[in-house]
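J.: Dropping the structure in here first, questions after.
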Amino acid sequence: MWGITLSDANNSNVSYNNFTGLERGVMTFEGYHSTIEKNNFWISTSIAGEDHGNSTWKNNYYMAYDEEVEGCYDSDQNLVCDEPYPLYGGSNYDNTPYNTPSGWLKIKHYHLERFEDTHE
Ligand SMILES: [Ca+2]
């Protein structure tokens with residue numbers, strides 16, 4: 001069961017959702033130029049997202065890809081995995097997957113702390 005299916009939908013935006021209690025998160029097909037960003041995919045399978053179109057996936061959190069054992073390394077400690085997260089289906093990637101739930105809310109605070117640290 002999918003949380004959201006975008007069928008033949010163009011220029012849609014799916015943001016700020018918590019996908020829980022599902023086996024699968026978002027699937028797009030036959031559509032183009034939609035954006036899926038800043039969602040928390042609390043989905044343990046590797047099929048949080050499936051893309052058969054040409055949508056942009058960025059800045060999402062994937063529970064199945066947030067630890068080193070799952071392949072997510074964060075060598076520069078900016079809360080974003082160093083390697084892209086491959087979406088199921090086509091050949092699309094989330095190039096900036098967060099390793100922290102709602103990491104987009106924490107990144108400003110994180111940078112502020114780092115800035116203060118380096119200027120003390
Ligand atoms: Ca990183």
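Scheme for the structure tokens: letters A, B, ... for chains in order shown; per-chain residue numbers from 1; ligand numbers from 1 in order shown.
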Applying 6 Å and only C-alpha atoms, which residues near A:Phe29 remain after dropping the ones on its own chain fewer than 3 positions away? List them as an NGL selection string.

T.: :A and (7 or 52-53)

J.: Residues within 7 Å of ligand 1 (only C-alpha atoms and all ligand atoms), as a short mmCIF file (atom, residue, chain, number, x, y, z; two decimals) with N, CA and C atoms, in the first residue's frame?

T.:
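As a result, result.cif now contains:
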```cif
data_model
loop_
_atom_site.label_atom_id
_atom_site.label_comp_id
_atom_site.auth_asym_id
_atom_site.auth_seq_id
_atom_site.Cartn_x
_atom_site.Cartn_y
_atom_site.Cartn_z
N TYR A 73 26.89 7.34 5.08
CA TYR A 73 27.99 7.94 5.81
C TYR A 73 27.85 9.46 5.72
N ASP A 74 28.20 10.12 6.79
CA ASP A 74 28.13 11.59 6.80
C ASP A 74 29.47 12.12 7.24
N SER A 75 30.44 12.08 6.35
CA SER A 75 31.82 12.38 6.73
C SER A 75 32.01 13.85 7.10
N ASP A 76 31.22 14.74 6.51
CA ASP A 76 31.36 16.15 6.86
C ASP A 76 30.34 16.59 7.91
N GLN A 77 29.57 15.64 8.41
CA GLN A 77 28.66 15.88 9.54
C GLN A 77 27.72 17.06 9.31
N ASN A 78 27.14 17.10 8.12
CA ASN A 78 26.15 18.15 7.84
C ASN A 78 24.72 17.59 7.85
N LEU A 79 24.55 16.41 8.42
CA LEU A 79 23.26 15.72 8.56
C LEU A 79 22.74 15.16 7.24
N VAL A 80 23.54 15.25 6.19
CA VAL A 80 23.15 14.72 4.87
C VAL A 80 24.10 13.58 4.52
N CYS A 81 23.53 12.46 4.09
CA CYS A 81 24.36 11.33 3.68
C CYS A 81 25.27 11.74 2.53
N ASP A 82 26.48 11.20 2.53
CA ASP A 82 27.45 11.57 1.50
C ASP A 82 27.04 11.06 0.12
#
```

J.: Which residue, A:Thr96, A:Thr28, A:Ser91, A:Ser12, has the smallest gap to A:Asn59 when you use only C-alpha atoms?

T.: A:Thr96

J.: Report as a list in words all protein, DNA and RNA residues lying within 10 Å of A:Ser44, evaluated on only C-alpha atoms, omitting residues in the same chain fewer than 6 positions from it.

T.: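 The neighbour list is Thr20, Gly21, Leu22, Glu23, Arg24, Tyr62, Met63, Ala64 and Tyr65 of chain A.
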
J.: Mind dumping a table of every stretch 7-63 of chain A residue within 8 Å of stretch 101-107 of chain A, with the nearest atom pair and its distance in Å to one decimal, using only C-alpha atoms, sorted by chain and rising number, as JSON lines?

T.:
```
{"residue": "A:Lys38", "atom": "CA", "partner": "A:Trp104", "partner_atom": "CA", "distance": 6.9}
{"residue": "A:Asn39", "atom": "CA", "partner": "A:Ser102", "partner_atom": "CA", "distance": 7.4}
{"residue": "A:Asn40", "atom": "CA", "partner": "A:Pro101", "partner_atom": "CA", "distance": 6.1}
{"residue": "A:Asn59", "atom": "CA", "partner": "A:Trp104", "partner_atom": "CA", "distance": 7.4}
{"residue": "A:Tyr61", "atom": "CA", "partner": "A:Pro101", "partner_atom": "CA", "distance": 5.7}
```

J.: Using Å and a single decimal, report how far atom CA of A:Trp42 sits from atom CA of A:Thr100.

T.: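 Taking atom CA of A:Thr100 as the start and atom CA of A:Trp42 as the end point, the length is 11.3 Å.
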
J.: Which distance in Å separates atom CA of A:Thr5 and atom CA of A:Asp51, to one decimal?

T.: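 Between these atoms lies a distance of 10.0 Å.
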
J.: Just want the 10 Å neighbourhood of A:Asn13, counted on only C-alpha atoms, with same-chain residues fewer than 3 positions away dropped. Output as a PyMOL selection string.

T.: chain A and resi 9-10+16+33-37+55-56

J.: Tell me, in Å to one decimal, how far atom CA of A:Asn11 is from atom CA of A:Tyr32.

T.: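 For atom CA of A:Asn11 relative to atom CA of A:Tyr32, the distance reads 6.6 Å.
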
J.: Which one of A:Asp8, A:Gly89, A:Pro97, A:Glu67 sits closest to A:Phe41 if you count only C-alpha atoms?

T.: A:Pro97

J.: From a DSSP pass on the backbone, collect the residues of stretch 11-75 of chain A flagged as helix (DSSP H, G or I) and hand them back as an MDAnalysis selection string.

T.: chainID A and resid 63:65 68:70

J.: Only N, CA and C atoms, please: the residues just picked out, written as a PDB file, in the first residue's frame.

T.:
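selection35.pdb was written with the following content:
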```
ATOM      1  N   MET A  63      14.182   6.289   6.705  1.00  0.00           N
ATOM      2  CA  MET A  63      14.576   5.458   7.841  1.00  0.00           C
ATOM      3  C   MET A  63      15.465   4.297   7.404  1.00  0.00           C
ATOM      4  N   ALA A  64      15.267   3.806   6.188  1.00  0.00           N
ATOM      5  CA  ALA A  64      16.057   2.675   5.694  1.00  0.00           C
ATOM      6  C   ALA A  64      17.439   3.101   5.201  1.00  0.00           C
ATOM      7  N   TYR A  65      17.723   4.395   5.313  1.00  0.00           N
ATOM      8  CA  TYR A  65      19.021   4.902   4.836  1.00  0.00           C
ATOM      9  C   TYR A  65      19.463   6.066   5.713  1.00  0.00           C
ATOM     10  N   GLU A  68      25.245   4.119   9.024  1.00  0.00           N
ATOM     11  CA  GLU A  68      26.382   3.658   8.226  1.00  0.00           C
ATOM     12  C   GLU A  68      26.187   2.219   7.770  1.00  0.00           C
ATOM     13  N   VAL A  69      25.566   1.396   8.617  1.00  0.00           N
ATOM     14  CA  VAL A  69      25.352   0.007   8.244  1.00  0.00           C
ATOM     15  C   VAL A  69      24.427  -0.094   7.035  1.00  0.00           C
ATOM     16  N   GLU A  70      23.652   0.958   6.808  1.00  0.00           N
ATOM     17  CA  GLU A  70      22.754   0.995   5.637  1.00  0.00           C
ATOM     18  C   GLU A  70      23.395   1.720   4.454  1.00  0.00           C
TER      19      GLU A  70
END
```
